[in-house]
$ cat my_file-v3.cif   # mmCIF, N, CA and C atoms
data_data
#
loop_
_atom_site.label_atom_id
_atom_site.label_comp_id
_atom_site.auth_asym_id
_atom_site.auth_seq_id
_atom_site.Cartn_x
_atom_site.Cartn_y
_atom_site.Cartn_z
N MET A 24 -3.39 48.22 65.54
CA MET A 24 -4.67 47.66 65.95
C MET A 24 -4.58 47.26 67.43
N LYS A 25 -5.66 47.45 68.10
CA LYS A 25 -5.73 47.10 69.52
C LYS A 25 -5.85 45.60 69.72
N TYR A 26 -6.58 44.91 68.82
CA TYR A 26 -6.85 43.49 68.96
C TYR A 26 -6.07 42.65 67.95
N LYS A 27 -5.72 41.45 68.37
CA LYS A 27 -5.11 40.46 67.49
C LYS A 27 -6.12 39.32 67.36
N PHE A 28 -6.36 38.87 66.13
CA PHE A 28 -7.38 37.86 65.87
C PHE A 28 -6.77 36.55 65.39
N THR A 29 -7.38 35.45 65.79
CA THR A 29 -7.04 34.13 65.25
C THR A 29 -8.36 33.43 64.91
N LEU A 30 -8.30 32.60 63.89
CA LEU A 30 -9.48 31.89 63.42
C LEU A 30 -9.21 30.40 63.43
N GLU A 31 -10.05 29.66 64.14
CA GLU A 31 -10.00 28.20 64.14
C GLU A 31 -11.16 27.73 63.27
N LYS A 32 -10.83 27.21 62.11
CA LYS A 32 -11.85 26.87 61.12
C LYS A 32 -12.58 25.57 61.44
N ASN A 33 -13.83 25.53 61.03
CA ASN A 33 -14.69 24.35 61.03
C ASN A 33 -14.75 23.62 62.37
N ILE A 34 -15.05 24.36 63.42
CA ILE A 34 -15.24 23.70 64.71
C ILE A 34 -16.51 22.87 64.69
N HIS A 35 -17.45 23.24 63.83
CA HIS A 35 -18.67 22.45 63.58
C HIS A 35 -19.24 22.89 62.24
N MET A 36 -19.17 21.98 61.28
CA MET A 36 -19.68 22.26 59.93
C MET A 36 -19.06 23.55 59.37
N TYR A 37 -19.88 24.58 59.18
CA TYR A 37 -19.39 25.84 58.61
C TYR A 37 -19.20 26.91 59.69
N ASN A 38 -19.13 26.48 60.93
CA ASN A 38 -18.89 27.39 62.05
C ASN A 38 -17.41 27.41 62.39
N HIS A 39 -16.93 28.58 62.75
CA HIS A 39 -15.53 28.77 63.10
C HIS A 39 -15.46 29.50 64.44
N LEU A 40 -14.33 29.41 65.10
CA LEU A 40 -14.13 30.12 66.35
C LEU A 40 -13.15 31.26 66.09
N ILE A 41 -13.62 32.47 66.31
CA ILE A 41 -12.75 33.64 66.19
C ILE A 41 -12.38 34.08 67.60
N THR A 42 -11.09 34.23 67.83
CA THR A 42 -10.59 34.63 69.14
C THR A 42 -9.83 35.93 68.97
N CYS A 43 -10.05 36.85 69.88
CA CYS A 43 -9.29 38.10 69.84
C CYS A 43 -8.69 38.35 71.22
N THR A 44 -7.56 38.99 71.21
CA THR A 44 -6.89 39.35 72.45
C THR A 44 -6.37 40.77 72.34
N ASP A 45 -6.37 41.45 73.46
CA ASP A 45 -5.80 42.80 73.52
C ASP A 45 -4.48 42.79 74.27
N GLY A 46 -3.94 41.58 74.52
CA GLY A 46 -2.70 41.45 75.25
C GLY A 46 -2.90 41.16 76.72
N HIS A 47 -4.09 41.49 77.23
CA HIS A 47 -4.42 41.25 78.64
C HIS A 47 -5.57 40.26 78.78
N SER A 48 -6.56 40.40 77.94
CA SER A 48 -7.75 39.55 78.00
C SER A 48 -7.97 38.89 76.65
N THR A 49 -8.64 37.75 76.67
CA THR A 49 -8.96 37.00 75.46
C THR A 49 -10.46 36.82 75.39
N TYR A 50 -11.01 37.01 74.20
CA TYR A 50 -12.45 36.90 73.96
C TYR A 50 -12.66 36.00 72.75
N SER A 51 -13.71 35.18 72.79
CA SER A 51 -13.99 34.28 71.66
C SER A 51 -15.47 34.33 71.31
N ALA A 52 -15.76 34.06 70.05
CA ALA A 52 -17.14 33.98 69.57
C ALA A 52 -17.16 33.07 68.34
N VAL A 53 -18.32 32.54 68.06
CA VAL A 53 -18.50 31.72 66.87
C VAL A 53 -18.83 32.63 65.69
N CYS A 54 -18.27 32.33 64.53
CA CYS A 54 -18.63 33.00 63.29
C CYS A 54 -18.95 31.92 62.27
N GLU A 55 -19.52 32.30 61.16
CA GLU A 55 -19.95 31.33 60.16
C GLU A 55 -19.48 31.71 58.76
N SER A 56 -19.29 30.70 57.94
CA SER A 56 -19.07 30.95 56.51
C SER A 56 -20.42 31.26 55.88
N ALA A 57 -20.42 32.21 54.97
CA ALA A 57 -21.65 32.57 54.27
C ALA A 57 -21.67 31.88 52.91
N PRO A 58 -22.84 31.49 52.45
CA PRO A 58 -22.95 30.85 51.14
C PRO A 58 -22.88 31.87 50.01
N LYS A 59 -21.71 32.42 49.82
CA LYS A 59 -21.48 33.44 48.79
C LYS A 59 -20.38 32.96 47.86
N ARG A 60 -20.29 33.57 46.71
CA ARG A 60 -19.24 33.23 45.75
C ARG A 60 -17.86 33.58 46.29
N GLU A 61 -17.74 34.76 46.89
CA GLU A 61 -16.46 35.15 47.49
C GLU A 61 -16.39 34.64 48.93
N ARG A 62 -15.19 34.45 49.43
CA ARG A 62 -14.99 33.99 50.81
C ARG A 62 -15.57 35.03 51.76
N THR A 63 -16.61 34.66 52.47
CA THR A 63 -17.32 35.60 53.33
C THR A 63 -17.57 34.97 54.69
N LEU A 64 -17.32 35.75 55.73
CA LEU A 64 -17.60 35.31 57.10
C LEU A 64 -18.68 36.20 57.69
N ILE A 65 -19.55 35.58 58.49
CA ILE A 65 -20.60 36.29 59.21
C ILE A 65 -20.18 36.37 60.68
N PHE A 66 -20.23 37.58 61.23
CA PHE A 66 -19.84 37.81 62.62
C PHE A 66 -20.99 38.43 63.40
N TRP A 67 -21.04 38.14 64.68
CA TRP A 67 -21.93 38.76 65.63
C TRP A 67 -21.03 39.37 66.71
N PRO A 68 -20.54 40.61 66.52
CA PRO A 68 -19.56 41.19 67.43
C PRO A 68 -20.01 41.24 68.90
N GLU A 69 -21.30 41.37 69.13
CA GLU A 69 -21.79 41.42 70.51
C GLU A 69 -21.54 40.12 71.26
N ASP A 70 -21.35 39.02 70.54
CA ASP A 70 -21.11 37.73 71.18
C ASP A 70 -19.78 37.66 71.93
N PHE A 71 -18.88 38.61 71.68
CA PHE A 71 -17.63 38.64 72.42
C PHE A 71 -17.83 39.09 73.87
N GLY A 72 -18.97 39.73 74.15
CA GLY A 72 -19.29 40.14 75.52
C GLY A 72 -18.56 41.37 76.01
N LEU A 73 -18.15 42.21 75.09
CA LEU A 73 -17.46 43.45 75.46
C LEU A 73 -18.46 44.57 75.67
N PRO A 74 -18.08 45.61 76.42
CA PRO A 74 -18.94 46.79 76.53
C PRO A 74 -19.18 47.40 75.15
N ARG A 75 -20.27 48.12 75.00
CA ARG A 75 -20.69 48.65 73.69
C ARG A 75 -19.58 49.42 72.97
N ARG A 76 -18.90 50.31 73.66
CA ARG A 76 -17.84 51.11 73.02
C ARG A 76 -16.72 50.22 72.50
N GLU A 77 -16.33 49.23 73.30
CA GLU A 77 -15.28 48.30 72.87
C GLU A 77 -15.76 47.43 71.71
N THR A 78 -17.04 47.08 71.70
CA THR A 78 -17.59 46.30 70.60
C THR A 78 -17.48 47.07 69.29
N GLU A 79 -17.70 48.38 69.34
CA GLU A 79 -17.57 49.21 68.14
C GLU A 79 -16.13 49.21 67.63
N ILE A 80 -15.16 49.30 68.53
CA ILE A 80 -13.75 49.26 68.15
C ILE A 80 -13.41 47.89 67.57
N LEU A 81 -13.85 46.84 68.26
CA LEU A 81 -13.59 45.48 67.81
C LEU A 81 -14.18 45.25 66.42
N GLU A 82 -15.40 45.71 66.18
CA GLU A 82 -16.04 45.52 64.88
C GLU A 82 -15.23 46.18 63.77
N LYS A 83 -14.76 47.38 63.99
CA LYS A 83 -13.95 48.08 62.99
C LYS A 83 -12.67 47.29 62.69
N GLU A 84 -12.01 46.84 63.75
CA GLU A 84 -10.77 46.09 63.57
C GLU A 84 -11.01 44.71 62.97
N LEU A 85 -12.14 44.11 63.29
CA LEU A 85 -12.49 42.81 62.72
C LEU A 85 -12.72 42.92 61.21
N ARG A 86 -13.36 43.99 60.78
CA ARG A 86 -13.54 44.24 59.34
C ARG A 86 -12.18 44.38 58.64
N ARG A 87 -11.30 45.12 59.27
CA ARG A 87 -9.96 45.30 58.69
C ARG A 87 -9.22 43.97 58.62
N TRP A 88 -9.24 43.21 59.72
CA TRP A 88 -8.57 41.91 59.76
C TRP A 88 -9.12 40.99 58.68
N ALA A 89 -10.44 40.94 58.54
CA ALA A 89 -11.07 40.08 57.54
C ALA A 89 -10.58 40.45 56.14
N GLY A 90 -10.58 41.73 55.82
CA GLY A 90 -10.12 42.19 54.51
C GLY A 90 -8.66 41.84 54.25
N GLU A 91 -7.83 42.01 55.27
CA GLU A 91 -6.40 41.69 55.13
C GLU A 91 -6.16 40.20 54.94
N ASN A 92 -7.13 39.37 55.36
CA ASN A 92 -6.99 37.92 55.25
C ASN A 92 -7.85 37.33 54.14
N GLY A 93 -8.33 38.18 53.24
CA GLY A 93 -9.03 37.72 52.05
C GLY A 93 -10.49 37.34 52.25
N PHE A 94 -11.12 37.84 53.30
CA PHE A 94 -12.52 37.55 53.56
C PHE A 94 -13.35 38.82 53.42
N ALA A 95 -14.49 38.69 52.79
CA ALA A 95 -15.51 39.72 52.92
C ALA A 95 -16.19 39.41 54.25
N CYS A 96 -16.88 40.38 54.82
CA CYS A 96 -17.55 40.06 56.07
C CYS A 96 -18.92 40.72 56.15
N ILE A 97 -19.76 40.06 56.90
CA ILE A 97 -21.10 40.54 57.19
C ILE A 97 -21.20 40.63 58.70
N MET A 98 -21.63 41.75 59.21
CA MET A 98 -21.79 41.93 60.65
C MET A 98 -23.28 41.98 60.97
N TYR A 99 -23.69 41.15 61.90
CA TYR A 99 -25.08 41.15 62.38
C TYR A 99 -25.09 41.56 63.83
N LYS A 100 -26.18 42.11 64.25
CA LYS A 100 -26.36 42.50 65.64
C LYS A 100 -27.20 41.44 66.34
N GLY A 101 -26.70 40.87 67.37
CA GLY A 101 -27.43 40.12 68.37
C GLY A 101 -28.22 38.87 68.08
N LYS A 102 -28.03 38.11 67.05
CA LYS A 102 -28.66 36.81 66.84
C LYS A 102 -30.12 36.75 67.33
N GLY A 103 -30.90 37.75 66.99
CA GLY A 103 -32.31 37.74 67.32
C GLY A 103 -32.63 38.10 68.76
N ARG A 104 -31.64 38.56 69.50
CA ARG A 104 -31.89 38.94 70.90
C ARG A 104 -32.43 40.33 70.99
#
$ encode --input "my_file-v3.cif" --output "C-alpha cells"
Amino acid sequence: MKYKFTLEKNIHMYNHLITCTDGHSTYSAVCESAPKRERTLIFWPEDFGLPRRETEILEKELRRWAGENGFACIMYKGKGR
C-alpha cells in the first residue's frame, strides 16, 4: 500500500481524525462513526486535499485499511460541496 493510516478516535463526539502518510507528506481529515449495527466509519476522501487521481488511490487503500481493521466503510463525495 502506498499510504499508512492512523485513527485518533473521538476527537469530538463520534468524530475521529484519520491521518495518512505516504512517507513524505501527511494528510488528515475528519471521519465519523455511522449509526449501524456493525462498526462503520464514514469518510469524505476529498477532504484530504489530494489531486483527483491520488484521491482515487487513497480511497481504494482506505477501504482496504478499514476492512483489515474491522470496520465497514461508507465513502461520500464532498460534504455537499
$ resolve_selection --input "my_file-v3.cif" --expression "the PyMOL selection byres (((chain A and resi 43-52 and name CA) around 6) and name CA)" --output "list in words"
Lys25, Tyr26, Lys27, Phe28, Leu40, Ile41, Thr42, Val53, Asp70 and Phe71 of chain A
$ atom_distance --input "my_file-v3.cif" --atom1 "atom N of Glu79 in chain A" --atom2 "atom N of Pro58 in chain A"
24.4 Å
$ resolve_selection --input "my_file-v3.cif" --expression "the PyMOL selection byres (((chain A and resi 39 and name CA) around 8) and name CA)" --output "list of chain:residue names"
A:Leu30, A:Glu31, A:Lys32, A:Asn33, A:Ile34, A:His35, A:Tyr37, A:Asn38, A:Leu40, A:Ile41, A:Val53, A:Cys54, A:Glu55, A:Ser56
$ axis_aligned_box --input "my_file-v3.cif" --around "range 90-93 of chain A" --padding-each-side "6 Å" --output "lines of an AutoDock Vina configuration file"
center_x = -8.4
center_y = 39.8
center_z = 53.9
size_x = 16.4
size_y = 16.9
size_z = 15.8
$ select_by_dssp --input "my_file-v3.cif" --residues "chain A" --states "helix (DSSP H, G or I)" --output "tab-separated table (two decimals) with N, CA and C atoms, in the frame of the given file"
chain	number	residue	atom	x	y	z
A	68	PRO	N	-20.54	40.61	66.52
A	68	PRO	CA	-19.56	41.19	67.43
A	68	PRO	C	-20.01	41.24	68.90
A	69	GLU	N	-21.30	41.37	69.13
A	69	GLU	CA	-21.79	41.42	70.51
A	69	GLU	C	-21.54	40.12	71.26
A	70	ASP	N	-21.35	39.02	70.54
A	70	ASP	CA	-21.11	37.73	71.18
A	70	ASP	C	-19.78	37.66	71.93
A	71	PHE	N	-18.88	38.61	71.68
A	71	PHE	CA	-17.63	38.64	72.42
A	71	PHE	C	-17.83	39.09	73.87
A	75	ARG	N	-20.27	48.12	75.00
A	75	ARG	CA	-20.69	48.65	73.69
A	75	ARG	C	-19.58	49.42	72.97
A	76	ARG	N	-18.90	50.31	73.66
A	76	ARG	CA	-17.84	51.11	73.02
A	76	ARG	C	-16.72	50.22	72.50
A	77	GLU	N	-16.33	49.23	73.30
A	77	GLU	CA	-15.28	48.30	72.87
A	77	GLU	C	-15.76	47.43	71.71
A	78	THR	N	-17.04	47.08	71.70
A	78	THR	CA	-17.59	46.30	70.60
A	78	THR	C	-17.48	47.07	69.29
A	79	GLU	N	-17.70	48.38	69.34
A	79	GLU	CA	-17.57	49.21	68.14
A	79	GLU	C	-16.13	49.21	67.63
A	80	ILE	N	-15.16	49.30	68.53
A	80	ILE	CA	-13.75	49.26	68.15
A	80	ILE	C	-13.41	47.89	67.57
A	81	LEU	N	-13.85	46.84	68.26
A	81	LEU	CA	-13.59	45.48	67.81
A	81	LEU	C	-14.18	45.25	66.42
A	82	GLU	N	-15.40	45.71	66.18
A	82	GLU	CA	-16.04	45.52	64.88
A	82	GLU	C	-15.23	46.18	63.77
A	83	LYS	N	-14.76	47.38	63.99
A	83	LYS	CA	-13.95	48.08	62.99
A	83	LYS	C	-12.67	47.29	62.69
A	84	GLU	N	-12.01	46.84	63.75
A	84	GLU	CA	-10.77	46.09	63.57
A	84	GLU	C	-11.01	44.71	62.97
A	85	LEU	N	-12.14	44.11	63.29
A	85	LEU	CA	-12.49	42.81	62.72
A	85	LEU	C	-12.72	42.92	61.21
A	86	ARG	N	-13.36	43.99	60.78
A	86	ARG	CA	-13.54	44.24	59.34
A	86	ARG	C	-12.18	44.38	58.64
A	87	ARG	N	-11.30	45.12	59.27
A	87	ARG	CA	-9.96	45.30	58.69
A	87	ARG	C	-9.22	43.97	58.62
A	88	TRP	N	-9.24	43.21	59.72
A	88	TRP	CA	-8.57	41.91	59.76
A	88	TRP	C	-9.12	40.99	58.68
A	89	ALA	N	-10.44	40.94	58.54
A	89	ALA	CA	-11.07	40.08	57.54
A	89	ALA	C	-10.58	40.45	56.14
A	90	GLY	N	-10.58	41.73	55.82
A	90	GLY	CA	-10.12	42.19	54.51
A	90	GLY	C	-8.66	41.84	54.25
A	91	GLU	N	-7.83	42.01	55.27
A	91	GLU	CA	-6.40	41.69	55.13
A	91	GLU	C	-6.16	40.20	54.94
A	101	GLY	N	-26.70	40.87	67.37
A	101	GLY	CA	-27.43	40.12	68.37
A	101	GLY	C	-28.22	38.87	68.08
A	102	LYS	N	-28.03	38.11	67.05
A	102	LYS	CA	-28.66	36.81	66.84
A	102	LYS	C	-30.12	36.75	67.33
A	103	GLY	N	-30.90	37.75	66.99
A	103	GLY	CA	-32.31	37.74	67.32
A	103	GLY	C	-32.63	38.10	68.76
$ atom_distance --input "my_file-v3.cif" --atom1 "atom C of Glu69 in chain A" --atom2 "CA of Glu91 in chain A"
22.2 Å
$ residues_around --input "my_file-v3.cif" --residues "Lys83 in chain A" --least-positions-apart "3" --cutoff "12 Å" --atoms "only C-alpha atoms" --output "list in words"
Met24, Lys25, Tyr26, Phe66, Pro68, Arg76, Glu77, Thr78, Glu79, Ile80, Arg86, Arg87, Trp88, Ala89, Gly90, Cys96, Ile97 and Met98 of chain A
$ atom_distance --input "my_file-v3.cif" --atom1 "atom C of Ala95 in chain A" --atom2 "atom N of Arg62 in chain A"
7.0 Å
$ closest_residue --input "my_file-v3.cif" --among "A:Thr63, A:Pro74, A:Met36, A:Thr29" --to "Phe94 in chain A" --atoms "only N, CA and C atoms"
A:Thr63
$ closest_residue --input "my_file-v3.cif" --among "A:Trp67, A:Leu73, A:Lys59, A:Leu81" --to "Lys100 in chain A" --atoms "only C-alpha atoms"
A:Trp67
